[in-house]
Amino acid sequence: MLDSSRLILRGKRQDAIFNIIGILFTLVGIVTLAILVVDLMIDGSPRLSYQFMTSFPSRRPENAGILSAWVGTLMVISVTLATAVPIGVAAAVYLEEYAPKNWVTTLIEINISNLAGVPSIIYGLMALGLLVYQFKLGRSVLVGGLTLALLVLPIVIVATREAIRSIPGSIREAAYAAGATKWQVIRYHLIPYSMGGIATGTIIAMSRAIGETAPLITIGALAYVPFLPPPPVQSTAPFVNAEWLHSGFTVLPIQMFNWVSRPQAKFHENAAATGLVLIFFTLAINGVAMYLRYRIRKNLKW
Amino acid sequence: MSTQVTTPLNDPPRVTSELKADVRRVNFHYGERHALKNISLPVPQRSVTAMIGPSGCGKSTLLRCFNRMHDLYPGNRYEGEIILHPSNVNILSATIDPMEMRLKTGMVFQKPNPFPKSIFENVAYGLRLRRINDRKVLQEKVEQSLQAAALWDEVKDRLNHSAVKLSGGQQQRLCVARALATEPELLLLDEPTSALDPIATSKIEDMIFALKKSVTILIVTHNMEQAARIADFTAFMYLGELVEYGPTAQIFQNPKNPLTEKYLTGTFG
């Protein structure tokens with residue numbers, strides 16, 4: 001006779017065991033992040049102050065600050081954002097909508113996936129050879145931003161393509177049947193409807209770029225920057241100024257790396273505080289992304 | 001009426017002045033698959049022509065030839081002609097831009113597919129594509145189209161609301177309004193009620209009945225009762241071939257082809 005109660009009991013026990021294993025494995029990630037943040041906070045939070053945010057680096061740890069680093073990070077990220085997003089979205093739209101389905105396109109697609117796997121320091125080497133030495137753009141904010149843009153381009157492309165692909169064919173057909181051109185379909189349907197995906201991809205790309213250190217060190221970003229790049233806006237006409245693009249710079253992770261490599265414990269506290277600021281930047285960017293995605297997706301339903 | 005004909009007709013000559021379109025020996029290939037086989041079919045003006053047949057018989061494929069939807073996908077090939085009257089152009093000609101046909105026709109699909117925009121913008125879409133942006137003209141046309149699609153009373157107070165929040169039946173009538181707003185010469189309906197409940201279906205059917213006074217309608221349906229109710233002419237297709245065509249009453253009451261009779265009585269299909 002079939003003993004169903006024992007079978008059910010056994011099944012339930014297996015469920016319970018896997019449930020516990022699953023929880024444990026999930027906790028590995030969460031706990032690691034929590035420990036990291038707590039550790040940084042213990043070490044770094046005493047150093048977080050107005051003085052720390054508004055001072056240049058110094059050889060006296062108690063006078064040192066990260067003004068040039070966080071301003072540099074913002075400037076480099078702006079360049080990355082302004083270049084990687086338009087180029088990535090355009091490339092994705094081309095690949096999805098215009099590119100003929102042949103071996104050349106396949107080759108391009110494979111290369112983009114491969115590009116995402118190239119170690120970031122290789123991008124630094126390329127940027128050093130091409131942008132710094134060949135095009136003589138200097139070890140500037142511009143070169144730093146462009147290097148990171150190349151690095152995160154595949155992320156933007158892949159995310160945008162996924163978003164475009166998730167738009168149902170029936171919507172496309174409705175637009176085409178009304179007499180729309182390809183460009184009108186892209187401009188008024190595909191791009192607006194994939195904004196959520198593009199925003200998500202952009203944010204992932206930016207959070208990746210904000211923490212990159214190796215390629216920027218390779219192009220020769222400075223570790224000690226006791227000055228700010230010239231401001232991009234000014235009070236006299238033409239009110240904007242591109243000088244900052246050609247300025248030398250440093251970024252938060254480089255500053256952090258620099259302080260960690262010093263022997264004095266006080267500098268290590270500075271590094272921890274810098275890490276906190278960096279994590280805050282990343283979380284803030286992610287928060288904006290989540291909000292944008294929520295706003296955009298609220299009005300989309302297929 | 002004399003019209004230029006480049007392929008001989010396989011039927012006796014027909015009076016072209018009453019026709020909106022004339023399908024002549026059309027063959028269609030999806031890559032290797034021969035989906036339409038030598039179809040010839042008149043489409044009389046200001047009437048409803050229904051295409052019926054079991055799934056995969058090619059009825060939707062034929063419908064999508066009229067606005068060249070097949071051009072959106074690679075590997076599709078047309079042969080033969082669909083002459084559109086009174087302009088007397090061959091829709092399938094390689095020299096005709098598919099967009100030209102899409103600007104002249106309106107299409108409603110099987111599944112309601114409103115854009116995730118406001119109700120107003122959905123209906124105004126085709127007009128905006130035609131660079132009509134005058135607010136007054138747009139409002140007038142949107143109201144007319146929504147009236148014609150029997151949706152106006154339900155949505156007149158919330159034209160700025162999102163179209164995707166409407167019910168399925170309302171969405172489909174919105175899609176009809178969107179197709180009507182540009183005053184198409186031909187209205188193509190691809191199983192427009194297959195996703196709808198009986199009440200929404202009867203609303204759409206009433207609307208089709210009212211619309212045929214002003215526009216030529218082609219409808220694909222797998223619902224035979226629907227064809228019997230609303231169509232003036234019916235074409236029965238099977239495996240890519242046109243088996244029988246004639247006035248709806250004759251097809252349903254006195255089919256000439258035994259295959260048609262079998263399908264209508266439910267012996268197969």
# chains A, B, ... in the order shown; residues from 1 in each chain; ligands from 1
call {"tool": "interface_residues", "arguments": {"of": "chain A", "to": "chain B", "cutoff": "12 Å", "atoms": "only C-alpha atoms", "output": "PyMOL selection string"}}
result
chain A and resi 97-102+167-185+188-190+192-194+296-302
call {"tool": "closest_atom_pairs", "arguments": {"of": "segment 126-157 of chain A", "to": "segment 50-74 of chain A", "cutoff": "12 Å", "atoms": "only C-alpha atoms", "output": "JSON lines"}}
result
{"residue": "A:Ser140", "atom": "CA", "partner": "A:Gly72", "partner_atom": "CA", "distance": 10.2}
{"residue": "A:Val141", "atom": "CA", "partner": "A:Gly72", "partner_atom": "CA", "distance": 7.5}
{"residue": "A:Leu142", "atom": "CA", "partner": "A:Gly72", "partner_atom": "CA", "distance": 10.9}
{"residue": "A:Gly144", "atom": "CA", "partner": "A:Thr73", "partner_atom": "CA", "distance": 9.7}
{"residue": "A:Gly145", "atom": "CA", "partner": "A:Thr73", "partner_atom": "CA", "distance": 9.3}
{"residue": "A:Leu148", "atom": "CA", "partner": "A:Thr73", "partner_atom": "CA", "distance": 11.3}
call {"tool": "write_last_selection", "arguments": {"atoms": "C-alpha atoms", "output": "PDB file, in the first residue's frame"}}
result
ATOM      1  CA  SER A 140      42.945  64.941 -18.824  1.00  0.00           C
ATOM      2  CA  VAL A 141      39.356  64.673 -17.614  1.00  0.00           C
ATOM      3  CA  LEU A 142      38.346  64.224 -21.256  1.00  0.00           C
ATOM      4  CA  GLY A 144      39.540  59.704 -18.453  1.00  0.00           C
ATOM      5  CA  GLY A 145      35.863  60.070 -19.321  1.00  0.00           C
ATOM      6  CA  LEU A 148      35.515  54.815 -19.091  1.00  0.00           C
TER       7      LEU A 148
END
call {"tool": "residues_around", "arguments": {"residues": "Arg25 of chain B", "least_positions_apart": "5", "cutoff": "6 Å", "atoms": "only C-alpha atoms", "output": "list in words"}}
result
Asn38, Ile39, Ser40 and Gly80 of chain B
call {"tool": "residues_around", "arguments": {"residues": "segment 36-41 of chain A", "least_positions_apart": "3", "cutoff": "7 Å", "atoms": "only C-alpha atoms", "output": "list of chain:residue names"}}
result
A:Thr32, A:Leu33, A:Gly44, A:Ser45, A:Ala272, A:Ala273, A:Gly275, A:Leu276
call {"tool": "write_last_selection", "arguments": {"atoms": "C-alpha atoms", "output": "PDB file, in the first residue's frame"}}
result
ATOM      1  CA  THR A  32      29.295  40.561   2.961  1.00  0.00           C
ATOM      2  CA  LEU A  33      27.923  43.943   1.906  1.00  0.00           C
ATOM      3  CA  GLY A  44      35.863  56.127   8.222  1.00  0.00           C
ATOM      4  CA  SER A  45      32.860  57.899   9.676  1.00  0.00           C
ATOM      5  CA  ALA A 272      37.814  54.334   4.633  1.00  0.00           C
ATOM      6  CA  ALA A 273      35.990  57.654   4.680  1.00  0.00           C
ATOM      7  CA  GLY A 275      35.197  54.524   0.465  1.00  0.00           C
ATOM      8  CA  LEU A 276      32.065  55.580   2.293  1.00  0.00           C
TER       9      LEU A 276
END
call {"tool": "select_by_dssp", "arguments": {"residues": "segment 40-115 of chain A", "states": "helix (DSSP H, G or I)", "output": "PDB file with C-alpha atoms, in the first residue's frame"}}
result
ATOM      1  CA  LEU A  40      34.088  51.234   6.511  1.00  0.00           C
ATOM      2  CA  MET A  41      31.767  53.167   8.786  1.00  0.00           C
ATOM      3  CA  ILE A  42      33.656  52.255  11.925  1.00  0.00           C
ATOM      4  CA  ASP A  43      36.958  53.242  10.365  1.00  0.00           C
ATOM      5  CA  GLY A  44      35.863  56.127   8.222  1.00  0.00           C
ATOM      6  CA  SER A  45      32.860  57.899   9.676  1.00  0.00           C
ATOM      7  CA  PRO A  46      34.845  59.824  12.316  1.00  0.00           C
ATOM      8  CA  ARG A  47      36.790  61.403   9.449  1.00  0.00           C
ATOM      9  CA  TYR A  50      32.827  69.348   6.062  1.00  0.00           C
ATOM     10  CA  GLN A  51      36.565  69.854   6.264  1.00  0.00           C
ATOM     11  CA  PHE A  52      37.191  66.421   4.695  1.00  0.00           C
ATOM     12  CA  MET A  53      34.882  67.164   1.758  1.00  0.00           C
ATOM     13  CA  THR A  54      36.296  70.642   1.104  1.00  0.00           C
ATOM     14  CA  LEU A  67      37.640  67.833  -2.698  1.00  0.00           C
ATOM     15  CA  SER A  68      39.630  67.323  -5.880  1.00  0.00           C
ATOM     16  CA  ALA A  69      38.749  63.615  -5.922  1.00  0.00           C
ATOM     17  CA  TRP A  70      34.976  63.885  -5.758  1.00  0.00           C
ATOM     18  CA  VAL A  71      34.890  66.848  -8.128  1.00  0.00           C
ATOM     19  CA  GLY A  72      37.122  64.849 -10.475  1.00  0.00           C
ATOM     20  CA  THR A  73      34.848  61.823 -10.212  1.00  0.00           C
ATOM     21  CA  LEU A  74      31.790  63.913 -11.063  1.00  0.00           C
ATOM     22  CA  MET A  75      33.530  65.511 -14.032  1.00  0.00           C
ATOM     23  CA  VAL A  76      34.877  62.244 -15.433  1.00  0.00           C
ATOM     24  CA  ILE A  77      31.494  60.559 -14.981  1.00  0.00           C
ATOM     25  CA  SER A  78      29.772  63.439 -16.785  1.00  0.00           C
ATOM     26  CA  VAL A  79      32.041  62.950 -19.785  1.00  0.00           C
ATOM     27  CA  THR A  80      31.386  59.210 -19.680  1.00  0.00           C
ATOM     28  CA  LEU A  81      27.638  59.729 -19.439  1.00  0.00           C
ATOM     29  CA  ALA A  82      27.581  62.274 -22.257  1.00  0.00           C
ATOM     30  CA  THR A  83      29.485  59.999 -24.632  1.00  0.00           C
ATOM     31  CA  ALA A  84      28.632  56.398 -23.728  1.00  0.00           C
ATOM     32  CA  VAL A  85      24.848  56.830 -23.646  1.00  0.00           C
ATOM     33  CA  PRO A  86      24.248  58.445 -27.055  1.00  0.00           C
ATOM     34  CA  ILE A  87      26.797  56.196 -28.763  1.00  0.00           C
ATOM     35  CA  GLY A  88      25.539  53.062 -27.014  1.00  0.00           C
ATOM     36  CA  VAL A  89      21.867  53.764 -27.707  1.00  0.00           C
ATOM     37  CA  ALA A  90      22.567  54.606 -31.331  1.00  0.00           C
ATOM     38  CA  ALA A  91      24.606  51.423 -31.782  1.00  0.00           C
ATOM     39  CA  ALA A  92      21.873  49.336 -30.155  1.00  0.00           C
ATOM     40  CA  VAL A  93      19.147  50.868 -32.331  1.00  0.00           C
ATOM     41  CA  TYR A  94      21.254  50.258 -35.416  1.00  0.00           C
ATOM     42  CA  LEU A  95      21.910  46.638 -34.491  1.00  0.00           C
ATOM     43  CA  GLU A  96      18.263  45.946 -33.654  1.00  0.00           C
ATOM     44  CA  GLU A  97      16.491  47.865 -36.379  1.00  0.00           C
ATOM     45  CA  TYR A  98      18.758  48.611 -39.306  1.00  0.00           C
ATOM     46  CA  TRP A 103      27.682  37.444 -40.838  1.00  0.00           C
ATOM     47  CA  VAL A 104      29.070  40.976 -40.529  1.00  0.00           C
ATOM     48  CA  THR A 105      26.352  41.866 -38.031  1.00  0.00           C
ATOM     49  CA  THR A 106      26.926  38.614 -36.172  1.00  0.00           C
ATOM     50  CA  LEU A 107      30.634  39.417 -36.019  1.00  0.00           C
ATOM     51  CA  ILE A 108      29.893  42.875 -34.609  1.00  0.00           C
ATOM     52  CA  GLU A 109      27.550  41.385 -32.016  1.00  0.00           C
ATOM     53  CA  ILE A 110      30.100  38.801 -30.908  1.00  0.00           C
ATOM     54  CA  ASN A 111      32.729  41.520 -30.633  1.00  0.00           C
ATOM     55  CA  ILE A 112      30.523  43.679 -28.455  1.00  0.00           C
ATOM     56  CA  SER A 113      29.990  40.783 -26.059  1.00  0.00           C
ATOM     57  CA  ASN A 114      33.744  40.149 -26.063  1.00  0.00           C
ATOM     58  CA  LEU A 115      34.396  43.818 -25.413  1.00  0.00           C
TER      59      LEU A 115
END
